[in-house]
file structure-v4.cif (mmCIF, C-alpha atoms and all ligand atoms)
data_data
loop_
_atom_site.label_atom_id
_atom_site.label_comp_id
_atom_site.auth_asym_id
_atom_site.auth_seq_id
_atom_site.Cartn_x
_atom_site.Cartn_y
_atom_site.Cartn_z
CA VAL A 1 39.97 27.16 13.53
CA PRO A 2 41.38 29.95 11.36
CA ALA A 3 39.03 30.95 8.57
CA SER A 4 40.24 30.16 5.06
CA PRO A 5 41.08 33.08 2.73
CA THR A 6 38.02 32.20 0.64
CA HIS A 7 35.86 32.32 3.73
CA ILE A 8 37.21 35.75 4.66
CA ALA A 9 36.64 37.01 1.10
CA ASN A 10 33.10 35.63 1.24
CA THR A 11 32.40 37.39 4.51
CA ILE A 12 33.67 40.70 3.18
CA GLU A 13 31.61 40.36 0.05
CA THR A 14 28.53 39.30 1.96
CA GLU A 15 28.80 42.27 4.31
CA LEU A 16 29.21 44.63 1.37
CA LEU A 17 26.20 43.18 -0.39
CA GLN A 18 24.10 43.43 2.76
CA ARG A 19 25.04 47.10 3.01
CA VAL A 20 24.07 47.56 -0.64
CA ALA A 21 20.68 45.87 -0.07
CA ALA A 22 20.12 47.98 3.06
CA ALA A 23 20.86 51.15 1.08
CA VAL A 24 18.04 50.39 -1.34
CA PRO A 25 14.92 51.85 0.25
CA SER A 26 12.90 51.42 -2.88
CA HIS A 27 11.99 47.70 -3.08
CA GLY A 28 8.47 47.74 -4.45
CA ALA A 29 8.77 51.25 -5.91
CA GLY A 30 7.97 51.81 -9.57
CA ARG A 31 5.55 50.08 -11.92
CA VAL A 32 5.79 46.51 -13.13
CA ALA A 33 5.74 46.30 -16.95
CA ASP A 34 2.28 45.25 -18.08
CA TYR A 35 2.35 45.73 -21.86
CA ILE A 36 3.42 42.09 -21.96
CA PRO A 37 0.56 40.61 -19.88
CA ALA A 38 2.59 37.65 -18.59
CA LEU A 39 5.07 40.05 -16.92
CA ALA A 40 2.38 41.95 -15.02
CA SER A 41 2.12 39.30 -12.29
CA ALA A 42 5.73 39.79 -11.09
CA ASP A 43 6.09 40.70 -7.38
CA PRO A 44 7.17 44.37 -7.28
CA ALA A 45 8.85 43.85 -3.89
CA ALA A 46 11.20 41.12 -5.14
CA PHE A 47 14.87 42.13 -5.11
CA GLY A 48 18.12 40.35 -5.90
CA PHE A 49 21.75 41.37 -6.43
CA ALA A 50 24.80 39.37 -7.51
CA VAL A 51 28.48 40.02 -8.19
CA ALA A 52 30.56 37.63 -10.31
CA THR A 53 34.28 38.34 -10.29
CA VAL A 54 36.66 37.83 -13.21
CA ASP A 55 38.17 34.90 -11.25
CA GLY A 56 34.85 33.05 -11.24
CA GLU A 57 33.69 33.78 -7.67
CA VAL A 58 30.03 34.71 -7.33
CA TYR A 59 28.25 36.37 -4.40
CA GLY A 60 24.70 37.51 -3.93
CA THR A 61 22.00 38.83 -1.66
CA GLY A 62 18.20 38.83 -1.59
CA SER A 63 16.47 36.68 -4.23
CA TRP A 64 19.67 36.40 -6.24
CA LEU A 65 18.95 32.79 -7.20
CA ALA A 66 15.37 33.42 -8.40
CA PRO A 67 14.94 33.25 -12.20
CA PHE A 68 13.23 36.22 -13.88
CA SER A 69 12.48 37.30 -17.44
CA ILE A 70 15.70 38.77 -18.84
CA GLN A 71 13.89 40.63 -21.70
CA SER A 72 16.20 43.17 -23.34
CA ILE A 73 19.29 41.97 -21.48
CA ALA A 74 19.29 39.15 -24.06
CA LYS A 75 20.31 41.80 -26.62
CA VAL A 76 23.83 41.92 -25.12
CA PHE A 77 24.35 38.20 -25.65
CA SER A 78 22.92 38.04 -29.19
CA LEU A 79 24.99 41.08 -30.21
CA SER A 80 28.16 39.60 -28.72
CA LEU A 81 27.61 36.25 -30.45
CA ALA A 82 26.90 37.88 -33.82
CA VAL A 83 29.88 40.27 -33.56
CA ALA A 84 32.13 37.36 -32.54
CA ARG A 85 31.24 35.55 -35.76
CA ASP A 86 31.28 38.50 -38.19
CA ALA A 87 31.32 42.08 -36.90
CA ALA A 88 31.04 43.58 -40.40
CA ALA A 89 27.80 41.66 -40.99
CA VAL A 90 26.31 43.46 -37.97
CA TRP A 91 27.71 46.97 -38.48
CA GLY A 92 26.68 47.14 -42.11
CA ARG A 93 23.06 46.94 -40.96
CA VAL A 94 22.86 48.63 -37.51
CA GLY A 95 24.20 51.94 -36.16
CA ARG A 96 25.96 52.73 -32.89
CA GLU A 97 24.33 55.93 -31.69
CA PRO A 98 21.94 56.46 -28.79
CA SER A 99 18.55 57.16 -30.29
CA GLY A 100 16.75 59.63 -28.04
CA ASP A 101 13.55 57.80 -29.01
CA PRO A 102 11.65 55.06 -27.17
CA PHE A 103 13.11 51.55 -27.58
CA ASN A 104 10.22 50.47 -29.79
CA SER A 105 10.01 53.63 -31.94
CA LEU A 106 8.99 53.26 -35.56
CA ALA A 107 9.66 56.91 -36.43
CA ALA A 108 13.44 56.66 -35.91
CA LEU A 109 13.60 53.67 -38.23
CA GLU A 110 11.65 55.35 -41.01
CA HIS A 111 13.82 58.45 -40.80
CA ALA A 112 16.98 56.37 -41.06
CA SER A 113 15.72 54.37 -44.08
CA GLY A 114 15.60 51.10 -42.19
CA ILE A 115 18.98 51.28 -40.40
CA PRO A 116 18.27 51.02 -36.64
CA PRO A 117 20.20 53.56 -34.53
CA ASN A 118 21.81 50.91 -32.33
CA PRO A 119 21.57 47.18 -31.52
CA PHE A 120 19.76 47.68 -28.19
CA VAL A 121 16.56 49.29 -29.45
CA ASN A 122 14.07 46.67 -30.61
CA ALA A 123 14.60 47.36 -34.33
CA GLY A 124 18.35 46.89 -33.88
CA ALA A 125 17.88 43.69 -31.91
CA LEU A 126 15.56 42.33 -34.61
CA VAL A 127 18.32 42.89 -37.19
CA VAL A 128 20.92 41.28 -34.88
CA THR A 129 18.54 38.34 -34.40
CA ASP A 130 18.23 38.05 -38.18
CA VAL A 131 22.04 38.13 -38.58
CA LEU A 132 22.56 35.53 -35.84
CA ARG A 133 19.81 33.34 -37.33
CA GLU A 134 21.58 33.44 -40.69
CA MET A 135 24.77 32.35 -38.91
CA THR A 136 23.36 29.68 -36.58
CA GLY A 137 19.81 28.82 -37.67
CA ASP A 138 18.48 29.66 -34.17
CA ALA A 139 19.52 32.88 -32.43
CA CYS A 140 17.73 32.01 -29.18
CA GLY A 141 19.36 28.58 -29.18
CA ALA A 142 22.78 30.21 -29.61
CA VAL A 143 22.07 32.58 -26.70
CA LEU A 144 20.89 29.70 -24.50
CA ASP A 145 23.98 27.59 -25.26
CA PHE A 146 26.19 30.53 -24.35
CA VAL A 147 24.51 31.59 -21.10
CA ARG A 148 24.22 27.98 -19.90
CA GLU A 149 27.93 27.48 -20.50
CA GLU A 150 29.06 30.75 -18.89
CA SER A 151 26.83 30.40 -15.84
CA GLY A 152 27.39 26.66 -15.42
CA ASN A 153 23.60 26.31 -15.21
CA PRO A 154 22.33 23.89 -17.86
CA THR A 155 18.69 24.32 -16.75
CA ILE A 156 18.34 27.88 -18.17
CA GLY A 157 15.50 28.02 -20.69
CA PHE A 158 12.86 30.37 -22.04
CA ASN A 159 9.34 30.70 -20.68
CA ALA A 160 6.99 29.70 -23.51
CA ALA A 161 4.01 31.45 -21.87
CA VAL A 162 5.91 34.76 -21.69
CA ALA A 163 7.04 34.39 -25.33
CA ALA A 164 3.46 33.62 -26.42
CA SER A 165 2.11 36.55 -24.40
CA GLU A 166 4.57 38.90 -26.07
CA ALA A 167 3.82 37.47 -29.52
CA ASP A 168 0.06 37.94 -28.93
CA ASN A 169 0.67 41.57 -27.97
CA GLY A 170 3.50 42.20 -30.40
CA ASP A 171 1.98 44.50 -33.01
CA ARG A 172 4.71 47.12 -32.59
CA ASN A 173 7.57 44.66 -32.93
CA ALA A 174 5.80 43.10 -35.93
CA ALA A 175 5.46 46.58 -37.45
CA LEU A 176 9.19 47.21 -36.86
CA ALA A 177 10.08 43.87 -38.43
CA HIS A 178 7.95 44.53 -41.51
CA LEU A 179 9.38 48.04 -41.87
CA LEU A 180 12.91 46.58 -41.67
CA ALA A 181 11.96 43.97 -44.26
CA SER A 182 10.55 46.68 -46.55
CA TYR A 183 14.01 48.29 -46.54
CA GLY A 184 15.71 44.95 -47.20
CA ASN A 185 17.22 44.93 -43.70
CA LEU A 186 15.45 41.77 -42.50
CA ARG A 187 16.26 38.76 -44.65
CA GLY A 188 14.68 35.84 -42.84
CA PRO A 189 10.87 35.33 -42.79
CA VAL A 190 9.41 38.07 -40.58
CA ASP A 191 7.37 35.66 -38.44
CA ARG A 192 10.41 33.44 -37.78
CA VAL A 193 12.63 36.36 -36.81
CA LEU A 194 9.93 37.71 -34.46
CA ASP A 195 9.51 34.28 -32.87
CA ASP A 196 13.27 33.96 -32.37
CA TYR A 197 13.35 37.48 -30.84
CA VAL A 198 10.53 36.93 -28.32
CA ARG A 199 12.02 33.60 -27.22
CA GLN A 200 15.30 35.37 -26.39
CA CYS A 201 13.43 38.02 -24.40
CA ALA A 202 11.55 35.26 -22.53
CA VAL A 203 14.74 33.54 -21.33
CA GLU A 204 14.65 33.23 -17.54
CA MET A 205 17.81 33.63 -15.50
CA SER A 206 18.72 34.60 -11.96
CA CYS A 207 21.00 37.47 -10.88
CA ARG A 208 23.65 34.81 -10.26
CA ASP A 209 23.33 33.35 -13.78
CA LEU A 210 23.33 36.77 -15.46
CA ALA A 211 26.31 38.09 -13.53
CA LEU A 212 28.32 34.97 -14.43
CA ALA A 213 27.15 35.08 -18.06
CA GLY A 214 28.21 38.75 -18.34
CA THR A 215 31.68 38.30 -16.89
CA PHE A 216 33.27 37.81 -20.35
CA LEU A 217 32.74 41.56 -20.85
CA ALA A 218 34.72 42.28 -17.67
CA ARG A 219 37.46 39.93 -18.96
CA HIS A 220 37.82 41.91 -22.21
CA GLY A 221 36.08 39.19 -24.22
CA VAL A 222 37.50 36.05 -22.57
CA ARG A 223 35.05 33.29 -21.58
CA ARG A 224 34.87 31.25 -18.40
CA ASP A 225 36.90 28.42 -19.99
CA ALA A 226 39.66 30.94 -20.96
CA THR A 227 38.81 30.82 -24.68
CA ARG A 228 38.19 34.15 -26.34
CA LEU A 229 34.70 35.08 -27.60
CA LEU A 230 35.47 38.66 -28.57
CA SER A 231 38.65 40.51 -29.43
CA ARG A 232 39.70 43.03 -26.81
CA SER A 233 38.55 45.81 -29.15
CA ASP A 234 35.15 44.25 -29.75
CA ALA A 235 34.62 43.77 -25.99
CA LYS A 236 35.50 47.43 -25.44
CA ARG A 237 33.09 48.42 -28.20
CA ILE A 238 30.20 46.42 -26.78
CA ASN A 239 30.82 47.91 -23.33
CA ALA A 240 30.83 51.36 -24.97
CA ILE A 241 27.50 50.70 -26.67
CA MET A 242 26.06 49.51 -23.35
CA LEU A 243 27.23 52.73 -21.68
CA MET A 244 25.63 54.90 -24.37
CA CYS A 245 22.54 52.86 -25.32
CA GLY A 246 21.94 50.20 -22.64
CA VAL A 247 19.39 51.85 -20.37
CA TYR A 248 16.93 53.42 -22.84
CA ASP A 249 16.72 57.21 -22.60
CA ALA A 250 18.27 57.33 -19.14
CA ALA A 251 21.92 56.85 -20.19
CA GLY A 252 22.94 60.28 -18.88
CA GLU A 253 21.37 59.90 -15.47
CA PHE A 254 22.54 56.28 -15.18
CA ALA A 255 26.14 57.20 -16.06
CA TYR A 256 25.92 60.01 -13.52
CA ARG A 257 24.64 57.78 -10.73
CA VAL A 258 26.28 54.41 -11.51
CA GLY A 259 29.07 55.06 -14.00
CA LEU A 260 29.09 51.63 -15.64
CA PRO A 261 28.21 50.00 -18.97
CA ALA A 262 24.88 48.24 -18.42
CA LYS A 263 21.85 46.75 -20.09
CA SER A 264 18.39 46.80 -18.56
CA GLY A 265 15.25 44.85 -19.41
CA VAL A 266 11.55 45.41 -18.76
CA GLY A 267 11.59 42.34 -16.47
CA GLY A 268 13.42 44.60 -13.97
CA GLY A 269 16.93 43.22 -14.36
CA ILE A 270 20.09 45.25 -15.04
CA LEU A 271 23.41 43.65 -16.01
CA ALA A 272 26.41 45.94 -15.45
CA VAL A 273 30.12 45.50 -16.15
CA ILE A 274 33.18 46.70 -14.24
CA PRO A 275 36.07 45.95 -16.61
CA ASN A 276 38.92 43.94 -14.99
CA ARG A 277 36.86 43.30 -11.86
CA CYS A 278 33.38 41.83 -12.13
CA ALA A 279 29.92 41.76 -13.63
CA LEU A 280 26.93 42.78 -11.50
CA CYS A 281 23.27 41.95 -11.83
CA ALA A 282 20.54 43.72 -9.90
CA TRP A 283 16.85 42.88 -10.22
CA SER A 284 13.53 44.19 -8.98
CA PRO A 285 10.41 44.34 -11.20
CA GLY A 286 9.22 47.90 -10.40
CA LEU A 287 10.27 50.23 -13.25
CA ASP A 288 10.77 54.00 -13.37
CA ALA A 289 9.34 56.22 -16.12
CA ALA A 290 12.33 55.46 -18.37
CA GLY A 291 11.72 51.69 -18.02
CA ASN A 292 14.64 50.88 -15.69
CA SER A 293 14.17 49.09 -12.37
CA VAL A 294 14.02 51.64 -9.55
CA ALA A 295 15.60 49.35 -6.94
CA ALA A 296 18.16 47.85 -9.33
CA VAL A 297 19.47 51.30 -10.29
CA ALA A 298 19.58 52.26 -6.59
CA ALA A 299 21.52 49.08 -5.72
CA LEU A 300 24.07 49.64 -8.50
CA ASP A 301 24.40 53.26 -7.42
CA ALA A 302 25.05 52.12 -3.82
CA PHE A 303 27.56 49.46 -4.92
CA THR A 304 29.67 51.79 -7.05
CA THR A 305 29.50 54.53 -4.43
CA MET A 306 30.57 52.16 -1.59
CA THR A 307 33.37 50.48 -3.55
CA GLY A 308 34.52 53.47 -5.60
CA TRP A 309 34.59 51.12 -8.63
CA SER A 310 33.45 52.52 -11.97
CA VAL A 311 34.86 53.11 -15.42
CA PHE A 312 35.55 56.74 -14.53
N1 LIG B 401 10.45 41.88 -25.17
C1 LIG B 401 10.39 43.30 -24.94
C2 LIG B 401 9.94 44.02 -26.19
O1 LIG B 401 10.34 43.67 -27.26
C3 LIG B 401 11.75 43.74 -24.48
C4 LIG B 401 11.75 45.19 -24.19
C5 LIG B 401 12.74 45.59 -23.16
O2 LIG B 401 13.10 44.87 -22.23
N2 LIG B 401 13.11 46.83 -23.28
O3 LIG B 401 9.19 44.96 -26.14
#
call {"tool": "encode", "arguments": {"input": "structure-v4.cif", "output": "structure tokens", "more": "lines below"}}
Ligand code: GLN
result
Amino acid sequence: VPASPTHIANTIETELLQRVAAAVPSHGAGRVADYIPALASADPAAFGFAVATVDGEVYGTGSWLAPFSIQSIAKVFSLSLAVARDAAAVWGRVGREPSGDPFNSLAALEHASGIPPNPFVNAGALVVTDVLREMTGDACGAVLDFVREESGNPTIGFNAAVAASEADNGDRNAALAHLLASYGNLRGPVDRVLDDYVRQCAVEMSCRDLALAGTFLARHGVRRDATRLLSRSDAKRINAIMLMCGVYDAAGEFAYRVGLPAKSGVGGGILAVIPNRCALCAWSPGLDAAGNSVAAVAALDAFTTMTGWSVF
């Protein structure tokens, strides 16, 4: 029986993904984030990788269906949803420059009189959460609606224990939120904004779900159902901010090795975008000194090297 074209495509993709997984010698390398106690129990050897194409196909290898804590990857979705509704409301209150400071730095915020350097450091994400709350009443709810729709997985939710663990150990984020409020750049009640922020970080998704949910950025802003979330310009801009600010202070090394817009989280996931082609998600909980997953960076490096696909 001749194999169908879809079957052949699947085989090619599966072989490629197996080669990517085999090229990652570092499963288990790095340190699992433990400043949020509920994350410390993650298995450092876990590894997953998924590719979702602009046509809606999705392929994966390893534990690509296992949900994990998306943490700062949520910042891509909340930013996109806020920009889609009113870009000026965001850019009047947050900058677009890489910071050169840690993602939870207070010093940068004080020096800039309460304007966070970009939407992917925590201070910037708190402002975006505040903006999206003003627009929707529930920023985490808006993110959940969106990622459920894009991934076709209505069971995606947030882990209340992880959110509570972060809230209990959230003095720095609380300090950032109060500093923002002191400059008039946080308008909702500080405790509500913080709660909405930690719930977004505690959303649990698999590599499959995240790759599918990120594909709108590879389609220049067009969603799975062919409606447009972002203008072509705004999709380009969000990809540009991911390239410059998405992987903490490792943007130079990441661009050198992988060459893609991406956003990482301390849960060990990285969502990356190849415009016109696909979105990728790699995950493994062990982090390098910059806070990016050692194995996820290695897998993305292998994928772009093997395929020759990048934005450069
Ligand atoms: N919830 C984490 C925090 O606010 C997210 C950090 C991250 O993934 N970089 O500290």
call {"tool": "closest_residue", "arguments": {"input": "structure-v4.cif", "among": "A:Leu217, A:Val20, A:Ala108, A:Leu186", "to": "Phe47 (chain A)", "atoms": "all atoms listed in the file"}}
result
A:Val20
call {"tool": "residues_around", "arguments": {"input": "structure-v4.cif", "residues": "Thr129 (chain A)", "least_positions_apart": "5", "cutoff": "7 Å", "atoms": "only C-alpha atoms", "output": "list of chain:residue names"}}
result
A:Ser78, A:Ala139, A:Val193, A:Tyr197
call {"tool": "residues_near_ligand", "arguments": {"input": "structure-v4.cif", "ligand": "ligand LIG 401 (chain B)", "cutoff": "8 Å", "atoms": "only C-alpha atoms and all ligand atoms", "output": "short mmCIF file (atom, residue, chain, number, x, y, z; two decimals) with C-alpha atoms, in the coordinates of the input"}}
result
data_model
loop_
_atom_site.label_atom_id
_atom_site.label_comp_id
_atom_site.auth_asym_id
_atom_site.auth_seq_id
_atom_site.Cartn_x
_atom_site.Cartn_y
_atom_site.Cartn_z
CA ILE A 36 3.42 42.09 -21.96
CA ILE A 70 15.70 38.77 -18.84
CA GLN A 71 13.89 40.63 -21.70
CA SER A 72 16.20 43.17 -23.34
CA ILE A 73 19.29 41.97 -21.48
CA PHE A 103 13.11 51.55 -27.58
CA ASN A 104 10.22 50.47 -29.79
CA VAL A 121 16.56 49.29 -29.45
CA ASN A 122 14.07 46.67 -30.61
CA GLU A 166 4.57 38.90 -26.07
CA GLY A 170 3.50 42.20 -30.40
CA ASN A 173 7.57 44.66 -32.93
CA TYR A 197 13.35 37.48 -30.84
CA VAL A 198 10.53 36.93 -28.32
CA CYS A 201 13.43 38.02 -24.40
CA ALA A 202 11.55 35.26 -22.53
CA TYR A 248 16.93 53.42 -22.84
CA SER A 264 18.39 46.80 -18.56
CA GLY A 265 15.25 44.85 -19.41
CA VAL A 266 11.55 45.41 -18.76
CA GLY A 267 11.59 42.34 -16.47
CA GLY A 291 11.72 51.69 -18.02
#
call {"tool": "residues_around", "arguments": {"input": "structure-v4.cif", "residues": "Leu300 (chain A)", "least_positions_apart": "3", "cutoff": "12 Å", "atoms": "only C-alpha atoms", "output": "ChimeraX atom specification"}}
result
/A:17,19-21,23-24,48-51,254-262,264,269-274,279-284,292-297,303-310
call {"tool": "residues_around", "arguments": {"input": "structure-v4.cif", "residues": "Arg228 (chain A)", "least_positions_apart": "6", "cutoff": "12 Å", "atoms": "only C-alpha atoms", "output": "number ranges by chain"}}
result
A: 80-81, 84-85, 216-217, 219-222, 234-235
call {"tool": "closest_residue", "arguments": {"input": "structure-v4.cif", "among": "A:Ile115, A:Gly268, A:Ile238, A:Gly124", "to": "Pro44 (chain A)", "atoms": "only C-alpha atoms"}}
result
A:Gly268
call {"tool": "atom_distance", "arguments": {"input": "structure-v4.cif", "atom1": "CA of Pro285 (chain A)", "atom2": "CA of Ala42 (chain A)"}}
result
6.5 Å
call {"tool": "residues_near_point", "arguments": {"input": "structure-v4.cif", "point": "(18.9, 33.9, -34.9)", "cutoff": "10 Å", "atoms": "all atoms listed in the file", "output": "PyMOL selection string"}}
result
chain A and resi 78+82+126-143+188+192-197+200
call {"tool": "atom_distance", "arguments": {"input": "structure-v4.cif", "atom1": "CA of Ala213 (chain A)", "atom2": "CA of Gly286 (chain A)"}}
result
23.3 Å
call {"tool": "atom_distance", "arguments": {"input": "structure-v4.cif", "atom1": "CA of Asp249 (chain A)", "atom2": "CA of Asp101 (chain A)"}}
result
7.2 Å
call {"tool": "residues_around", "arguments": {"input": "structure-v4.cif", "residues": "region 153-161 of chain A", "least_positions_apart": "3", "cutoff": "9 Å", "atoms": "only C-alpha atoms", "output": "list in words"}}
result
Ala38, Pro67, Ser69, Cys140, Leu144, Asp145, Val147, Arg148, Glu149, Glu150, Ala164, Ser165, Glu166, Arg199, Gln200, Cys201, Ala202, Val203, Glu204, Met205 and Asp209 of chain A
call {"tool": "residues_near_point", "arguments": {"input": "structure-v4.cif", "point": "(16.3, 35.5, -7.3)", "cutoff": "7 Å", "atoms": "all atoms listed in the file", "output": "list in words"}}
result
Gly48, Gly62, Ser63, Trp64, Leu65, Ala66, Pro67, Ser206 and Cys207 of chain A
call {"tool": "residues_around", "arguments": {"input": "structure-v4.cif", "residues": "Ala112 (chain A)", "least_positions_apart": "5", "cutoff": "10 Å", "atoms": "all atoms listed in the file", "output": "JSON, numbers by chain"}}
result
{"A": [95, 107, 117]}
call {"tool": "closest_residue", "arguments": {"input": "structure-v4.cif", "among": "A:Arg96, A:Arg208, A:Lys263, A:Arg277", "to": "Ala74 (chain A)", "atoms": "all atoms listed in the file"}}
result
A:Lys263
call {"tool": "axis_aligned_box", "arguments": {"input": "structure-v4.cif", "around": "region 32-38 of chain A", "padding_each_side": "8 Å", "output": "JSON"}}
result
{"center_x": 3.2, "center_y": 42.1, "center_z": -17.5, "size_x": 21.2, "size_y": 24.9, "size_z": 24.8}
call {"tool": "closest_residue", "arguments": {"input": "structure-v4.cif", "among": "A:Ala163, A:Leu106, A:Ala46, A:Val76", "to": "Gly246 (chain A)", "atoms": "only C-alpha atoms"}}
result
A:Val76
call {"tool": "closest_residue", "arguments": {"input": "structure-v4.cif", "among": "A:Val247, A:Ile241, A:Thr215, A:Ala87", "to": "Pro275 (chain A)", "atoms": "all atoms listed in the file"}}
result
A:Thr215
call {"tool": "build_atoms", "arguments": {"input": "structure-v4.cif", "residues": "region 290-298 of chain A", "atoms": "all heavy atoms", "output": "short mmCIF file (atom, residue, chain, number, x, y, z; two decimals), in the frame of the given file"}}
result
data_model
loop_
_atom_site.label_atom_id
_atom_site.label_comp_id
_atom_site.auth_asym_id
_atom_site.auth_seq_id
_atom_site.Cartn_x
_atom_site.Cartn_y
_atom_site.Cartn_z
N ALA A 290 11.49 55.77 -17.21
CA ALA A 290 12.33 55.46 -18.37
C ALA A 290 12.33 53.97 -18.69
O ALA A 290 12.85 53.56 -19.72
CB ALA A 290 13.76 55.93 -18.11
N GLY A 291 11.78 53.13 -17.77
CA GLY A 291 11.72 51.69 -18.02
C GLY A 291 12.81 50.90 -17.31
O GLY A 291 12.95 49.69 -17.52
N ASN A 292 13.60 51.58 -16.46
CA ASN A 292 14.64 50.88 -15.69
C ASN A 292 14.15 50.59 -14.28
O ASN A 292 13.40 51.38 -13.70
CB ASN A 292 15.90 51.75 -15.63
CG ASN A 292 16.48 52.01 -17.00
OD1 ASN A 292 16.74 51.07 -17.74
ND2 ASN A 292 16.65 53.27 -17.35
N SER A 293 14.60 49.47 -13.72
CA SER A 293 14.17 49.09 -12.37
C SER A 293 14.64 50.13 -11.34
O SER A 293 15.83 50.44 -11.25
CB SER A 293 14.77 47.73 -12.03
OG SER A 293 14.67 47.50 -10.64
N VAL A 294 13.69 50.62 -10.55
CA VAL A 294 14.02 51.64 -9.55
C VAL A 294 15.03 51.08 -8.53
O VAL A 294 16.07 51.70 -8.25
CB VAL A 294 12.73 52.09 -8.80
CG1 VAL A 294 13.08 53.07 -7.68
CG2 VAL A 294 11.74 52.70 -9.76
N ALA A 295 14.73 49.90 -7.99
CA ALA A 295 15.60 49.35 -6.94
C ALA A 295 16.93 48.86 -7.51
O ALA A 295 17.97 48.95 -6.85
CB ALA A 295 14.88 48.22 -6.21
N ALA A 296 16.91 48.34 -8.74
CA ALA A 296 18.16 47.85 -9.33
C ALA A 296 19.12 49.01 -9.58
O ALA A 296 20.32 48.91 -9.31
CB ALA A 296 17.89 47.07 -10.62
N VAL A 297 18.59 50.13 -10.09
CA VAL A 297 19.47 51.30 -10.29
C VAL A 297 20.01 51.77 -8.94
O VAL A 297 21.21 52.06 -8.80
CB VAL A 297 18.71 52.46 -11.00
CG1 VAL A 297 19.58 53.71 -11.05
CG2 VAL A 297 18.27 52.06 -12.40
N ALA A 298 19.14 51.81 -7.92
CA ALA A 298 19.58 52.26 -6.59
C ALA A 298 20.67 51.34 -6.04
O ALA A 298 21.63 51.80 -5.42
CB ALA A 298 18.38 52.32 -5.65
#
